[in-house]
Amino acid sequence: MNEKILPLRNGVGAIVLNKNNQVFVGKRIDNPGKFWQMPQGGVDDGEKYLEAMKRELFEETGIKNFELVKEIEGMTEYELPDYLLGKIWKGRYRGQKQKWFVVRFLGNDNEINLNTSKPEFIEWKWANLDDLPGMIVDFKKKLYEKLLPKIKLIIG
């Protein structure tokens, strides 16, 4: 299989901030080591990015009490490492191109529920923005490093 022929999966991500401008991160069920990530996922056929983000956020965290702060301009991308090609997403994609949104969580922490109908995380916490690049799997690190200054501009 020639991975360069594989397309990028269309995806979305949610940068969920609490009142202290800390960001929600979860530890994935399928990679429960030391890595954490923000909620993200694929866009269904015919689905708008904002709707996909709301759906993914609810599916992964149970969060529905939030306000949209800003849609981050442009798309970000990451490529899967060779050892994951052909294993993730039924082998149909070489990585993801993502539209990210900054949202403000308006609820209480006890409203966050990882035990959803499509669980992806086994644990969650609020993290400091500057810690994000060091928490993510290596192949998504550059994506997080590109998002960080954009997030900081938005929240001041």
# chains A, B, ... in the order shown; residues from 1 in each chain; ligands from 1

$ closest_atom_pairs --of "segment 53-73 of chain A" --to "segment 120-124 of chain A" --cutoff "9 Å" --atoms "only C-alpha atoms" --output "JSON lines"
{"residue": "A:Glu59", "atom": "CA", "partner": "A:Glu120", "partner_atom": "CA", "distance": 8.4}
{"residue": "A:Glu60", "atom": "CA", "partner": "A:Glu120", "partner_atom": "CA", "distance": 5.8}
{"residue": "A:Thr61", "atom": "CA", "partner": "A:Phe121", "partner_atom": "CA", "distance": 8.0}

$ write_last_selection --atoms "N, CA and C atoms" --output "tab-separated table (two decimals), in the first residue's frame"
chain	number	residue	atom	x	y	z
A	59	GLU	N	-20.12	13.13	22.38
A	59	GLU	CA	-19.85	11.69	22.34
A	59	GLU	C	-18.67	11.31	23.22
A	60	GLU	N	-17.67	12.17	23.30
A	60	GLU	CA	-16.45	11.84	24.03
A	60	GLU	C	-16.44	12.29	25.48
A	61	THR	N	-17.21	13.34	25.81
A	61	THR	CA	-17.11	13.93	27.15
A	61	THR	C	-18.45	14.13	27.86

$ select_by_dssp --residues "segment 30-149 of chain A" --states "strand (DSSP E or B)" --output "MDAnalysis selection string"
chainID A and resid 37 40:42 66:71 76:79 95:105 121:127

$ write_last_selection --atoms "C-alpha atoms" --output "mmCIF file, in the first residue's frame"
data_model
loop_
_atom_site.group_PDB
_atom_site.id
_atom_site.type_symbol
_atom_site.label_atom_id
_atom_site.label_comp_id
_atom_site.auth_asym_id
_atom_site.auth_seq_id
_atom_site.Cartn_x
_atom_site.Cartn_y
_atom_site.Cartn_z
ATOM 1 C CA GLN A 37 -5.349 14.832 23.964
ATOM 2 C CA GLN A 40 -11.424 15.431 18.331
ATOM 3 C CA GLY A 41 -12.981 13.230 15.695
ATOM 4 C CA GLY A 42 -14.203 12.721 12.189
ATOM 5 C CA PHE A 66 -20.619 25.455 26.603
ATOM 6 C CA GLU A 67 -20.415 28.550 24.442
ATOM 7 C CA LEU A 68 -18.496 28.899 21.207
ATOM 8 C CA VAL A 69 -15.638 31.371 21.645
ATOM 9 C CA LYS A 70 -14.081 31.185 18.178
ATOM 10 C CA GLU A 71 -13.533 28.999 15.167
ATOM 11 C CA THR A 76 -4.396 21.836 10.715
ATOM 12 C CA GLU A 77 -3.032 18.472 9.628
ATOM 13 C CA TYR A 78 -1.132 15.525 10.951
ATOM 14 C CA GLU A 79 0.181 12.359 9.318
ATOM 15 C CA GLY A 95 -3.788 11.249 8.721
ATOM 16 C CA GLN A 96 -6.265 14.004 9.434
ATOM 17 C CA LYS A 97 -6.972 17.572 8.396
ATOM 18 C CA GLN A 98 -8.880 19.265 11.174
ATOM 19 C CA LYS A 99 -10.988 22.342 11.851
ATOM 20 C CA TRP A 100 -10.574 23.437 15.480
ATOM 21 C CA PHE A 101 -12.947 25.393 17.718
ATOM 22 C CA VAL A 102 -12.339 27.145 21.034
ATOM 23 C CA VAL A 103 -15.249 26.722 23.446
ATOM 24 C CA ARG A 104 -15.827 27.839 27.027
ATOM 25 C CA PHE A 105 -17.187 25.166 29.381
ATOM 26 C CA PHE A 121 -11.264 8.451 27.166
ATOM 27 C CA ILE A 122 -10.578 6.598 30.417
ATOM 28 C CA GLU A 123 -9.542 9.670 32.411
ATOM 29 C CA TRP A 124 -9.673 13.447 32.052
ATOM 30 C CA LYS A 125 -8.223 16.570 33.667
ATOM 31 C CA TRP A 126 -7.792 20.310 33.206
ATOM 32 C CA ALA A 127 -4.312 21.139 31.911
#

$ atom_distance --atom1 "atom CA of Leu106 of chain A" --atom2 "atom CA of Asn18 of chain A"
7.4 Å

$ closest_residue --among "A:Phe58, A:Phe35, A:Phe139, A:Tyr93" --to "Pro119 of chain A" --atoms "only C-alpha atoms"
A:Phe58

$ closest_residue --among "A:Gly107, A:Gly13, A:Gly74, A:Pro81" --to "Val137 of chain A" --atoms "only C-alpha atoms"
A:Pro81

$ select_by_dssp --residues "segment 26-89 of chain A" --states "alpha helix (DSSP H)" --output "ChimeraX atom specification"
/A:49-61

$ closest_residue --among "A:Ile72, A:Val25, A:Gly86, A:Asp44" --to "Lys146 of chain A" --atoms "only C-alpha atoms"
A:Ile72

$ atom_distance --atom1 "atom CA of Arg94 of chain A" --atom2 "atom CA of Asn115 of chain A"
28.9 Å

$ residues_around --residues "Asn21 of chain A" --least-positions-apart "4" --cutoff "8 Å" --atoms "only C-alpha atoms" --output "VMD selection string"
chain A and resid 17 128 to 129 155

$ write_last_selection --atoms "C-alpha atoms" --output "mmCIF file, in the first residue's frame"
data_model
loop_
_atom_site.group_PDB
_atom_site.id
_atom_site.type_symbol
_atom_site.label_atom_id
_atom_site.label_comp_id
_atom_site.auth_asym_id
_atom_site.auth_seq_id
_atom_site.Cartn_x
_atom_site.Cartn_y
_atom_site.Cartn_z
ATOM 1 C CA LEU A 17 -11.488 25.961 28.321
ATOM 2 C CA ASN A 128 -2.350 24.347 31.452
ATOM 3 C CA LEU A 129 -2.122 25.463 27.829
ATOM 4 C CA ILE A 155 -8.159 34.198 24.988
#

$ decode --residues "segment 45-127 of chain A" --atoms "C-alpha atoms" --output "PDB file, in the first residue's frame"
ATOM      1  CA  ASP A  45     -20.740  12.960   5.195  1.00  0.00           C
ATOM      2  CA  GLY A  46     -22.804  16.130   4.788  1.00  0.00           C
ATOM      3  CA  GLU A  47     -22.054  17.315   8.333  1.00  0.00           C
ATOM      4  CA  LYS A  48     -20.935  20.911   8.954  1.00  0.00           C
ATOM      5  CA  TYR A  49     -17.746  21.385  10.988  1.00  0.00           C
ATOM      6  CA  LEU A  50     -19.477  23.109  13.912  1.00  0.00           C
ATOM      7  CA  GLU A  51     -22.116  20.385  14.149  1.00  0.00           C
ATOM      8  CA  ALA A  52     -19.423  17.692  13.967  1.00  0.00           C
ATOM      9  CA  MET A  53     -17.489  19.369  16.797  1.00  0.00           C
ATOM     10  CA  LYS A  54     -20.609  19.549  18.996  1.00  0.00           C
ATOM     11  CA  ARG A  55     -21.393  15.885  18.294  1.00  0.00           C
ATOM     12  CA  GLU A  56     -17.833  14.701  18.925  1.00  0.00           C
ATOM     13  CA  LEU A  57     -17.545  16.754  22.104  1.00  0.00           C
ATOM     14  CA  PHE A  58     -20.740  15.231  23.483  1.00  0.00           C
ATOM     15  CA  GLU A  59     -19.849  11.692  22.340  1.00  0.00           C
ATOM     16  CA  GLU A  60     -16.448  11.836  24.025  1.00  0.00           C
ATOM     17  CA  THR A  61     -17.109  13.929  27.150  1.00  0.00           C
ATOM     18  CA  GLY A  62     -20.844  14.333  27.685  1.00  0.00           C
ATOM     19  CA  ILE A  63     -20.264  18.109  27.542  1.00  0.00           C
ATOM     20  CA  LYS A  64     -23.151  20.147  26.159  1.00  0.00           C
ATOM     21  CA  ASN A  65     -23.054  23.186  28.463  1.00  0.00           C
ATOM     22  CA  PHE A  66     -20.619  25.455  26.603  1.00  0.00           C
ATOM     23  CA  GLU A  67     -20.415  28.550  24.442  1.00  0.00           C
ATOM     24  CA  LEU A  68     -18.496  28.899  21.207  1.00  0.00           C
ATOM     25  CA  VAL A  69     -15.638  31.371  21.645  1.00  0.00           C
ATOM     26  CA  LYS A  70     -14.081  31.185  18.178  1.00  0.00           C
ATOM     27  CA  GLU A  71     -13.533  28.999  15.167  1.00  0.00           C
ATOM     28  CA  ILE A  72      -9.804  28.839  14.466  1.00  0.00           C
ATOM     29  CA  GLU A  73      -9.051  29.945  10.916  1.00  0.00           C
ATOM     30  CA  GLY A  74      -7.744  27.415   8.441  1.00  0.00           C
ATOM     31  CA  MET A  75      -7.113  23.723   8.883  1.00  0.00           C
ATOM     32  CA  THR A  76      -4.396  21.836  10.715  1.00  0.00           C
ATOM     33  CA  GLU A  77      -3.032  18.472   9.628  1.00  0.00           C
ATOM     34  CA  TYR A  78      -1.132  15.525  10.951  1.00  0.00           C
ATOM     35  CA  GLU A  79       0.181  12.359   9.318  1.00  0.00           C
ATOM     36  CA  LEU A  80       0.088   8.954  10.940  1.00  0.00           C
ATOM     37  CA  PRO A  81       3.420   7.275  11.614  1.00  0.00           C
ATOM     38  CA  ASP A  82       4.184   4.245   9.427  1.00  0.00           C
ATOM     39  CA  TYR A  83       3.400   1.753  12.193  1.00  0.00           C
ATOM     40  CA  LEU A  84      -0.226   2.983  12.344  1.00  0.00           C
ATOM     41  CA  LEU A  85      -0.872   3.215   8.605  1.00  0.00           C
ATOM     42  CA  GLY A  86      -3.410   0.627   7.553  1.00  0.00           C
ATOM     43  CA  LYS A  87      -4.483   0.010  11.164  1.00  0.00           C
ATOM     44  CA  ILE A  88      -6.495   3.122  12.085  1.00  0.00           C
ATOM     45  CA  TRP A  89      -9.733   4.151  10.323  1.00  0.00           C
ATOM     46  CA  LYS A  90      -9.842   0.796   8.518  1.00  0.00           C
ATOM     47  CA  GLY A  91      -6.677   1.753   6.641  1.00  0.00           C
ATOM     48  CA  ARG A  92      -8.455   4.371   4.522  1.00  0.00           C
ATOM     49  CA  TYR A  93      -6.512   7.491   5.599  1.00  0.00           C
ATOM     50  CA  ARG A  94      -2.904   8.588   6.128  1.00  0.00           C
ATOM     51  CA  GLY A  95      -3.788  11.249   8.721  1.00  0.00           C
ATOM     52  CA  GLN A  96      -6.265  14.004   9.434  1.00  0.00           C
ATOM     53  CA  LYS A  97      -6.972  17.572   8.396  1.00  0.00           C
ATOM     54  CA  GLN A  98      -8.880  19.265  11.174  1.00  0.00           C
ATOM     55  CA  LYS A  99     -10.988  22.342  11.851  1.00  0.00           C
ATOM     56  CA  TRP A 100     -10.574  23.437  15.480  1.00  0.00           C
ATOM     57  CA  PHE A 101     -12.947  25.393  17.718  1.00  0.00           C
ATOM     58  CA  VAL A 102     -12.339  27.145  21.034  1.00  0.00           C
ATOM     59  CA  VAL A 103     -15.249  26.722  23.446  1.00  0.00           C
ATOM     60  CA  ARG A 104     -15.827  27.839  27.027  1.00  0.00           C
ATOM     61  CA  PHE A 105     -17.187  25.166  29.381  1.00  0.00           C
ATOM     62  CA  LEU A 106     -20.057  26.716  31.356  1.00  0.00           C
ATOM     63  CA  GLY A 107     -20.960  23.751  33.510  1.00  0.00           C
ATOM     64  CA  ASN A 108     -19.592  22.074  36.597  1.00  0.00           C
ATOM     65  CA  ASP A 109     -16.922  19.395  36.443  1.00  0.00           C
ATOM     66  CA  ASN A 110     -19.412  16.762  37.614  1.00  0.00           C
ATOM     67  CA  GLU A 111     -21.309  17.236  34.324  1.00  0.00           C
ATOM     68  CA  ILE A 112     -18.369  15.745  32.419  1.00  0.00           C
ATOM     69  CA  ASN A 113     -19.107  12.109  31.668  1.00  0.00           C
ATOM     70  CA  LEU A 114     -16.619   9.831  29.915  1.00  0.00           C
ATOM     71  CA  ASN A 115     -18.969   6.845  30.142  1.00  0.00           C
ATOM     72  CA  THR A 116     -20.815   7.753  26.943  1.00  0.00           C
ATOM     73  CA  SER A 117     -22.288   5.555  24.209  1.00  0.00           C
ATOM     74  CA  LYS A 118     -18.982   5.861  22.305  1.00  0.00           C
ATOM     75  CA  PRO A 119     -16.312   6.171  25.029  1.00  0.00           C
ATOM     76  CA  GLU A 120     -12.850   7.252  23.920  1.00  0.00           C
ATOM     77  CA  PHE A 121     -11.264   8.451  27.166  1.00  0.00           C
ATOM     78  CA  ILE A 122     -10.578   6.598  30.417  1.00  0.00           C
ATOM     79  CA  GLU A 123      -9.542   9.670  32.411  1.00  0.00           C
ATOM     80  CA  TRP A 124      -9.673  13.447  32.052  1.00  0.00           C
ATOM     81  CA  LYS A 125      -8.223  16.570  33.667  1.00  0.00           C
ATOM     82  CA  TRP A 126      -7.792  20.310  33.206  1.00  0.00           C
ATOM     83  CA  ALA A 127      -4.312  21.139  31.911  1.00  0.00           C
TER      84      ALA A 127
END
